[in-house]
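Pasting final_29.pdb here (PDB, C-alpha atoms):
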ATOM      1  CA  MET A   1      12.465  11.300   2.815
ATOM      2  CA  GLU A   2       9.621   9.038   3.858
ATOM      3  CA  ALA A   3      10.309   5.970   6.022
ATOM      4  CA  PRO A   4      10.077   2.576   4.313
ATOM      5  CA  PRO A   5       6.687   0.960   4.877
ATOM      6  CA  TYR A   6       7.989  -2.612   5.270
ATOM      7  CA  ALA A   7      10.709  -4.625   6.929
ATOM      8  CA  VAL A   8      11.685  -7.964   5.401
ATOM      9  CA  PHE A   9      13.196 -10.746   7.498
ATOM     10  CA  LEU A  10      15.447 -13.189   5.649
ATOM     11  CA  PHE A  11      16.134 -16.685   6.956
ATOM     12  CA  PRO A  12      18.781 -19.340   6.219
ATOM     13  CA  SER A  13      16.191 -21.783   4.831
ATOM     14  CA  VAL A  14      12.548 -22.145   3.905
ATOM     15  CA  SER A  15      11.992 -24.296   6.981
ATOM     16  CA  HIS A  16      13.257 -21.454   9.208
ATOM     17  CA  THR A  17      10.899 -19.063   7.430
ATOM     18  CA  LEU A  18       7.917 -21.361   7.924
ATOM     19  CA  LYS A  19       8.764 -21.812  11.606
ATOM     20  CA  ALA A  20       8.949 -18.012  12.008
ATOM     21  CA  GLU A  21       5.629 -17.632  10.216
ATOM     22  CA  LYS A  22       4.028 -20.062  12.659
ATOM     23  CA  ILE A  23       5.478 -18.158  15.640
ATOM     24  CA  LEU A  24       4.159 -14.828  14.343
ATOM     25  CA  LYS A  25       0.746 -16.325  13.608
ATOM     26  CA  ILE A  26       0.454 -17.685  17.164
ATOM     27  CA  ALA A  27       1.599 -14.294  18.544
ATOM     28  CA  GLY A  28      -1.030 -12.501  16.443
ATOM     29  CA  ILE A  29       1.559 -10.374  14.626
ATOM     30  CA  ALA A  30       0.505  -9.336  11.105
ATOM     31  CA  HIS A  31       2.913 -10.599   8.446
ATOM     32  CA  LYS A  32       3.075 -11.838   4.880
ATOM     33  CA  LEU A  33       5.163 -14.595   3.331
ATOM     34  CA  ILE A  34       6.702 -13.257   0.093
ATOM     35  CA  PRO A  35       9.427 -14.268  -2.380
ATOM     36  CA  VAL A  36      12.810 -12.755  -1.530
ATOM     37  CA  PRO A  37      13.093  -9.564  -3.618
ATOM     38  CA  ARG A  38      15.789  -9.917  -6.299
ATOM     39  CA  HIS A  39      17.533  -6.698  -5.302
ATOM     40  CA  ILE A  40      18.151  -8.193  -1.842
ATOM     41  CA  SER A  41      19.290 -11.674  -2.858
ATOM     42  CA  SER A  42      19.462 -13.705  -6.042
ATOM     43  CA  ASP A  43      18.746 -16.887  -4.086
ATOM     44  CA  CYS A  44      15.381 -18.479  -4.587
ATOM     45  CA  GLY A  45      13.363 -18.487  -1.441
ATOM     46  CA  VAL A  46      10.805 -16.813   0.714
ATOM     47  CA  CYS A  47      10.939 -14.238   3.472
ATOM     48  CA  LEU A  48       8.570 -12.547   5.884
ATOM     49  CA  ARG A  49       7.340  -8.994   5.324
ATOM     50  CA  VAL A  50       6.041  -6.955   8.253
ATOM     51  CA  ALA A  51       5.139  -3.331   8.816
ATOM     52  CA  VAL A  52       8.276  -1.346   9.610
ATOM     53  CA  GLU A  53       6.857  -0.234  12.950
ATOM     54  CA  GLN A  54       6.608  -3.899  13.993
ATOM     55  CA  GLN A  55      10.205  -4.879  13.243
ATOM     56  CA  GLU A  56      11.302  -4.767  16.899
ATOM     57  CA  LEU A  57       8.222  -6.707  17.998
ATOM     58  CA  VAL A  58       8.941  -9.379  15.382
ATOM     59  CA  ALA A  59      12.636  -9.587  16.293
ATOM     60  CA  GLY A  60      11.640 -10.048  19.936
ATOM     61  CA  ALA A  61       9.048 -12.709  19.127
ATOM     62  CA  LEU A  62      11.575 -14.700  17.080
ATOM     63  CA  GLN A  63      14.497 -14.299  19.501
ATOM     64  CA  ASP A  64      15.853 -17.649  20.719
ATOM     65  CA  LEU A  65      13.125 -19.511  18.779
ATOM     66  CA  VAL A  66      14.263 -19.283  15.162
ATOM     67  CA  THR A  67      17.409 -18.019  13.456
ATOM     68  CA  TRP A  68      17.086 -15.166  10.996
ATOM     69  CA  GLU A  69      19.945 -13.784   8.927
ATOM     70  CA  GLN A  70      19.027 -10.250   8.054
ATOM     71  CA  MET A  71      16.326  -7.613   8.260
ATOM     72  CA  VAL A  72      16.024  -5.202   5.329
ATOM     73  CA  LEU A  73      13.839  -2.110   5.017
ATOM     74  CA  LEU A  74      11.847  -1.846   1.789
TER      75      LEU A  74
END

Take the structure in this file and express it as structure tokens.
Amino acid sequence: MEAPPYAVFLFPSVSHTLKAEKILKIAGIAHKLIPVPRHISSDCGVCLRVAVEQQELVAGALQDLVTWEQMVLL
């Protein structure tokens, strides 16, 4: 089975997501702001999608700067 191409980071609020987006932009880490996929959560909101091979880099960049709830492979 092929590895998922994306990792999605979910945050407790839109403001947390926007703060994380700003951190990743400053760090030069490629990302995309997307709606939370319905199969992950029925809540309205946005999340950050990154390449699966960058998930550890992203987690490290966000550590102690912004709270994230969950990372899901798509």

Top pick for closest residue to Ala30 in chain A, considering A:Ser42, A:Gln63, A:Gln70, A:Gln55 and counting only C-alpha atoms: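 Using only C-alpha atoms, Ala30 in chain A sits closest to A:Gln55.
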
Check what the PyMOL selection byres ((chain A and resi 45) around 8) selects in the file above and give those residues as a ChimeraX atom specification. /A:13-14,35-36,43-44,46-47

Pull C-alpha atoms from the residues just selected and write them as a short mmCIF file (atom, residue, chain, number, x, y, z; two decimals), in the coordinates of the input.
data_model
loop_
_atom_site.label_atom_id
_atom_site.label_comp_id
_atom_site.auth_asym_id
_atom_site.auth_seq_id
_atom_site.Cartn_x
_atom_site.Cartn_y
_atom_site.Cartn_z
CA SER A 13 16.19 -21.78 4.83
CA VAL A 14 12.55 -22.14 3.90
CA PRO A 35 9.43 -14.27 -2.38
CA VAL A 36 12.81 -12.76 -1.53
CA ASP A 43 18.75 -16.89 -4.09
CA CYS A 44 15.38 -18.48 -4.59
CA VAL A 46 10.80 -16.81 0.71
CA CYS A 47 10.94 -14.24 3.47
#

For the structure provided, state which residues fall under the PyMOL selection byres ((chain A and resi 21) around 10), and present them as a ChimeraX atom specification. /A:15-20,22-27,29-33,47-48,62

Check what the PyMOL selection byres ((chain A and resi 53) around 10) selects in the file above and give those residues as a ChimeraX atom specification. /A:3-7,50-52,54-58

Expressed in Å to a single decimal, how great is the separation between CA of Leu65 in chain A and CA of Ser41 in chain A? 23.8 Å

Distance of CA of Val66 in chain A from CA of Ile40 in chain A, expressed in Å to one decimal place: 20.7 Å

Go through A:Gly28, A:Phe11, A:His39, A:Met71 and flag the residue nearest Ala59 in chain A, using all atoms listed in the file for the distances. A:Met71
